[in-house]
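Asks: Sending over entry-v1.txt (compact mmCIF, C-alpha atoms).
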# COMPACT_ATOMS: atom_id res chain seq x y z
CA MET H 1 0.85 29.19 -3.03
CA PHE H 2 -2.68 30.07 -1.92
CA HIS H 3 -4.10 28.09 -4.83
CA ARG H 4 -2.10 25.03 -3.73
CA ILE H 5 -3.30 25.39 -0.13
CA GLN H 6 -6.90 25.69 -1.31
CA ASN H 7 -6.45 22.57 -3.44
CA GLU H 8 -5.06 20.61 -0.47
CA ILE H 9 -8.00 21.70 1.70
CA ASN H 10 -10.47 20.60 -0.99
CA ILE H 11 -8.74 17.22 -1.22
CA ILE H 12 -9.15 16.69 2.53
CA PHE H 13 -12.86 17.41 2.25
CA GLU H 14 -13.09 14.87 -0.61
CA ARG H 15 -11.22 12.05 1.14
CA ASP H 16 -12.10 12.52 4.80
CA PRO H 17 -15.82 12.48 5.67
CA ALA H 18 -14.92 13.62 9.20
CA ALA H 19 -13.71 17.03 8.00
CA GLN H 20 -16.23 19.67 9.12
CA SER H 21 -14.74 23.05 8.25
CA VAL H 22 -11.77 24.86 6.76
CA LEU H 23 -10.88 26.15 10.23
CA GLU H 24 -10.73 22.60 11.56
CA ILE H 25 -8.39 21.53 8.75
CA LEU H 26 -6.11 24.52 9.21
CA PHE H 27 -5.64 23.94 12.94
CA CYS H 28 -6.39 20.25 13.63
CA TYR H 29 -5.04 18.17 10.72
CA PRO H 30 -1.42 17.06 11.26
CA GLY H 31 -1.24 15.63 7.74
CA PHE H 32 -2.03 19.04 6.29
CA HIS H 33 0.56 20.68 8.55
CA ALA H 34 3.23 18.11 7.66
CA VAL H 35 2.74 18.65 3.93
CA ARG H 36 2.93 22.44 4.33
CA PHE H 37 6.15 22.12 6.35
CA HIS H 38 7.56 19.76 3.73
CA ARG H 39 6.88 22.14 0.86
CA ALA H 40 8.99 24.77 2.62
CA ALA H 41 11.72 22.33 3.68
CA HIS H 42 11.95 20.87 0.17
CA TRP H 43 12.31 24.39 -1.27
CA LEU H 44 15.29 24.97 1.04
CA TRP H 45 16.74 21.53 0.23
CA GLU H 46 16.69 22.17 -3.51
CA ARG H 47 18.65 25.40 -2.94
CA ASN H 48 21.31 23.49 -1.05
CA LEU H 49 20.26 24.97 2.31
CA ARG H 50 20.49 21.53 3.86
CA PHE H 51 20.70 22.33 7.56
CA PRO H 52 17.72 24.73 7.63
CA ALA H 53 15.75 22.19 5.60
CA ARG H 54 16.52 19.37 8.03
CA LEU H 55 15.82 21.59 11.02
CA LEU H 56 12.43 22.56 9.61
CA SER H 57 11.53 18.92 8.92
CA HIS H 58 12.62 18.04 12.46
CA VAL H 59 10.30 20.69 13.88
CA ALA H 60 7.49 19.32 11.71
CA ARG H 61 8.14 15.84 13.06
CA PHE H 62 7.98 17.12 16.63
CA LEU H 63 4.70 18.94 16.01
CA THR H 64 2.89 16.39 13.82
CA GLY H 65 4.40 12.96 14.48
CA ILE H 66 5.07 12.68 10.74
CA GLU H 67 8.64 12.47 9.43
CA ILE H 68 9.20 13.53 5.83
CA HIS H 69 12.77 13.99 4.68
CA PRO H 70 13.14 17.34 2.90
CA GLY H 71 14.75 15.57 -0.06
CA ALA H 72 11.60 13.56 -0.82
CA THR H 73 9.63 14.60 -3.90
CA ILE H 74 5.87 14.84 -3.42
CA GLY H 75 3.31 15.66 -6.10
CA GLU H 76 0.03 17.55 -5.96
CA GLY H 77 -3.00 16.14 -4.19
CA PHE H 78 -1.01 14.33 -1.49
CA PHE H 79 -3.06 13.49 1.62
CA ILE H 80 -1.96 11.90 4.91
CA ASP H 81 -4.96 10.77 6.98
CA HIS H 82 -4.34 10.80 10.76
CA GLY H 83 -0.62 10.51 10.03
CA MET H 84 1.03 9.55 13.31
CA GLY H 85 4.14 7.45 12.66
CA VAL H 86 4.41 8.09 8.91
CA VAL H 87 8.03 8.03 7.69
CA ILE H 88 9.06 9.08 4.17
CA GLY H 89 12.73 8.70 3.19
CA GLU H 90 15.04 11.07 1.36
CA THR H 91 14.87 9.59 -2.15
CA ALA H 92 11.18 8.70 -2.07
CA GLU H 93 9.15 9.99 -5.01
CA ILE H 94 5.39 10.37 -4.71
CA GLY H 95 3.12 11.13 -7.63
CA LYS H 96 -0.20 12.96 -7.77
CA ASN H 97 -3.29 12.24 -5.67
CA VAL H 98 -1.60 9.72 -3.36
CA THR H 99 -3.17 8.88 0.02
CA LEU H 100 -1.29 7.52 3.04
CA TYR H 101 -2.74 6.40 6.37
CA HIS H 102 -1.03 6.38 9.76
CA GLY H 103 2.09 4.32 10.36
CA VAL H 104 3.11 4.04 6.70
CA THR H 105 6.84 3.72 6.00
CA LEU H 106 8.45 4.52 2.66
CA GLY H 107 11.85 3.24 3.67
CA GLY H 108 15.13 1.96 2.34
CA THR H 109 16.91 -1.39 2.49
CA SER H 110 20.47 -0.23 1.82
CA TRP H 111 23.05 2.05 3.41
CA LYS H 112 24.49 3.01 0.03
CA LYS H 113 23.94 6.49 -1.32
CA GLY H 114 21.68 7.00 -4.30
CA LYS H 115 18.12 5.96 -4.97
CA ARG H 116 17.09 3.69 -2.06
CA HIS H 117 13.45 4.58 -1.35
CA PRO H 118 10.23 3.76 -3.24
CA THR H 119 8.59 5.55 -6.14
CA ILE H 120 4.82 5.81 -5.70
CA GLU H 121 2.94 6.57 -8.89
CA ASP H 122 -0.31 8.54 -9.24
CA ASN H 123 -3.56 7.70 -7.42
CA VAL H 124 -2.08 5.11 -5.06
CA ILE H 125 -3.64 4.37 -1.65
CA ILE H 126 -1.44 2.89 1.09
CA GLY H 127 -3.17 1.48 4.16
CA ALA H 128 -2.23 1.92 7.82
CA ASN H 129 1.10 0.49 9.02
CA ALA H 130 2.15 -0.71 5.57
CA ALA H 131 5.86 -0.69 4.75
CA ILE H 132 7.12 -0.07 1.22
CA LEU H 133 10.84 -0.82 1.23
CA GLY H 134 13.63 -0.25 -1.26
CA PRO H 135 13.95 1.52 -4.61
CA ILE H 136 10.85 -0.14 -6.03
CA ARG H 137 7.94 1.25 -8.01
CA ILE H 138 4.29 1.03 -7.00
CA GLY H 139 2.20 1.31 -10.15
CA GLU H 140 -0.53 3.88 -10.60
CA ASN H 141 -4.05 3.30 -9.24
CA SER H 142 -2.80 0.55 -6.92
CA LYS H 143 -3.87 -0.16 -3.34
CA ILE H 144 -1.59 -1.48 -0.60
CA GLY H 145 -3.43 -3.21 2.24
CA SER H 146 -2.91 -2.28 5.89
CA GLY H 147 0.07 -3.97 7.51
CA SER H 148 1.54 -5.19 4.21
CA VAL H 149 5.30 -5.33 3.67
CA VAL H 150 6.19 -4.72 0.03
CA ASN H 151 9.75 -5.01 -1.28
CA LYS H 152 9.12 -5.85 -4.96
CA GLU H 153 7.64 -3.97 -7.89
CA VAL H 154 3.85 -3.71 -8.01
CA PRO H 155 2.10 -3.45 -11.39
CA SER H 156 -0.42 -0.70 -12.06
CA HIS H 157 -4.08 -1.20 -11.03
CA SER H 158 -3.16 -3.82 -8.42
CA THR H 159 -4.26 -4.61 -4.87
CA VAL H 160 -1.52 -5.94 -2.58
CA VAL H 161 -1.89 -7.60 0.82
CA GLY H 162 0.16 -9.71 3.21
CA ILE H 163 3.73 -10.28 4.39
CA PRO H 164 5.47 -10.44 2.03
CA GLY H 165 3.08 -8.35 -0.03
CA ARG H 166 1.41 -10.18 -2.90
CA VAL H 167 -0.96 -9.08 -5.63
CA VAL H 168 -4.46 -10.45 -5.05
CA PHE H 169 -6.38 -8.28 -7.54
CA ARG H 170 -5.21 -6.70 -10.76
CA GLU H 171 -7.34 -4.56 -13.05
CA GLY H 172 -10.46 -5.70 -11.21
CA ASN H 173 -9.78 -9.44 -11.53
CA VAL H 174 -8.53 -12.02 -9.04
CA TYR H 175 -4.81 -12.42 -9.58
CA GLN H 176 -2.98 -15.63 -8.66
CA ASP H 177 0.80 -15.63 -8.67
CA PRO H 178 2.30 -18.81 -7.15
CA THR H 179 5.60 -17.06 -6.49
CA GLY H 180 4.16 -13.90 -4.90
CA VAL H 181 4.86 -10.36 -6.07
CA ALA H 182 7.59 -10.38 -8.72
CA GLY H 183 9.19 -13.60 -7.53
CA THR H 184 8.91 -13.19 -3.77
CA PRO H 185 8.30 -16.65 -2.20
CA ASP H 186 4.78 -17.01 -0.82
CA PRO H 187 4.60 -20.14 1.37
CA GLU H 188 1.27 -19.10 2.86
CA GLY H 189 -0.34 -18.78 -0.56
CA LYS H 190 1.14 -22.12 -1.66
CA ALA H 191 -0.24 -23.87 1.41
CA LEU H 192 -3.70 -22.39 0.82
CA ARG H 193 -3.68 -23.58 -2.79
CA CYS H 194 -2.73 -27.12 -1.69
CA LEU H 195 -5.57 -27.14 0.84
CA THR H 196 -7.98 -25.88 -1.80
CA GLU H 197 -6.98 -28.65 -4.23
CA GLN H 198 -7.41 -31.31 -1.53
CA LEU H 199 -10.80 -29.89 -0.59
CA LYS H 200 -11.96 -30.04 -4.20
CA ALA H 201 -10.81 -33.67 -4.48
CA LEU H 202 -12.68 -34.60 -1.29
CA GLU H 203 -15.83 -32.87 -2.51
CA GLN H 204 -15.65 -34.74 -5.79
CA ARG H 205 -15.21 -38.07 -4.02
CA LEU H 206 -18.07 -37.30 -1.62
CA ASP H 207 -20.30 -36.45 -4.55
CA GLU H 208 -19.54 -39.81 -6.18
CA VAL H 209 -20.29 -41.72 -2.97
CA THR H 210 -23.55 -39.79 -2.47
CA LYS H 211 -24.69 -40.64 -5.99
CA ARG H 212 -24.02 -44.32 -5.39
CA LEU H 213 -25.97 -44.30 -2.14
CA ASN H 214 -28.91 -42.56 -3.82
CA GLY H 215 -28.92 -45.09 -6.65
CA GLU H 216 -28.00 -42.49 -9.25
CA THR H 217 -25.27 -44.72 -10.57
CA GLU H 218 -25.71 -48.38 -11.51
CA LEU H 219 -24.46 -50.63 -8.75
CA PRO H 220 -22.67 -53.84 -9.79
CA GLN H 221 -24.85 -57.02 -9.63
CA VAL H 222 -24.15 -59.66 -7.02
CA GLY H 223 -21.70 -62.20 -8.28
CA SER H 224 -20.59 -60.10 -11.22
CA LYS H 225 -17.08 -58.96 -11.62
CA PRO H 226 -16.44 -55.34 -10.67
Do you think you could lay out the structure here as structure tokens?
Replies:
Amino acid sequence: MFHRIQNEINIIFERDPAAQSVLEILFCYPGFHAVRFHRAAHWLWERNLRFPARLLSHVARFLTGIEIHPGATIGEGFFIDHGMGVVIGETAEIGKNVTLYHGVTLGGTSWKKGKRHPTIEDNVIIGANAAILGPIRIGENSKIGSGSVVNKEVPSHSTVVGIPGRVVFREGNVYQDPTGVAGTPDPEGKALRCLTEQLKALEQRLDEVTKRLNGETELPQVGSKP
């Protein structure tokens, strides 16, 4: 247990330049407190001590402003920066070295029992106020932009922004998907592409006219047929 606590403290030092001392982290970091509470609540939950587990998570929510259901599975290296307003649902699964900022929701879209919350793979970063909804998978080493709403699968090594969330970078390259993330309609992206095509056509026409005015192209002689 002490090794795990030490590892979580080291992770905070790595990912938060504002961290000044171990004492500060132990007493002033709600994300650290929420994770420690969750480890205990999840231990109770797995042993079918459901009411004590929920009660402990409720106390953690009151003290930290972070709500993590005791049924959620969270891997090593998990870090919540600031943390106020974070909500993590019962069937959420979080891999190793995942970072969440304040206001993030890992929520469900169904009232049916069973898997209804996201699976977040290793080394994912989720920006402030982003919402990841439904039993979807966010691929490893991906980044979710602040304020994004994601309800479809995200491939590994991707960067997602917007509402609905769409992949804009994948494996370091610009990624263009006319339908959005995994088939989600993206009217905003479609409109931007149309404007871009029109702008290119206008630039090409302007270039032709400029060349004519500068005499770079042969003008038709007077009286000759065009």
Asks: From the set H:Leu55, H:Gly103, H:Leu192, H:His42, which residue has the shortest atom-to-atom contact distance to H:Glu90, counting all atoms listed in the file?
Replies: H:His42
Asks: With 9 Å as the threshold, what does the neighbourhood of (1.6, 18.5, -7.6) contain in terms of residues, counting all atoms listed in the file? Coordinates are those of the file; answer as number ranges by chain.
Replies: H: 4, 74-78, 95-97
Asks: Could you list, as a ChimeraX atom specification, every residue within 12 Å of stretch 146-151 of chain H, counting all atoms listed in the file and ignoring same-chain residues fewer than 2 positions away?
Replies: /H:100-109,116-119,125-138,143-144,153-154,159-167,180-185
Asks: Do you know which residues are at most 9 Å from H:Ile9 counting only C-alpha atoms, after dropping those on the same chain fewer than 6 positions away, and could you put them as an NGL selection string?
Replies: :H and (22 or 25-26 or 32)
Asks: List as a list of chain:residue names the protein and nucleic acid residues near H:Ala40, meaning an atom at most 9 Å away when all atoms listed in the file are counted, but skip any in the same chain fewer than 6 places from it.
Replies: H:Ala53, H:Leu56, H:Ser57, H:Pro70
Asks: Calculate, to one decimal in Å, the centre and edge lengths of the box along x, y and z of the file that holds all listed atoms of stretch 199-212 of chain H with 5 Å of margin on each side, and present them as AutoDock Vina command-line options.
Replies:
--center_x -17.7 --center_y -37.1 --center_z -3.4 --size_x 23.9 --size_y 24.4 --size_z 15.6
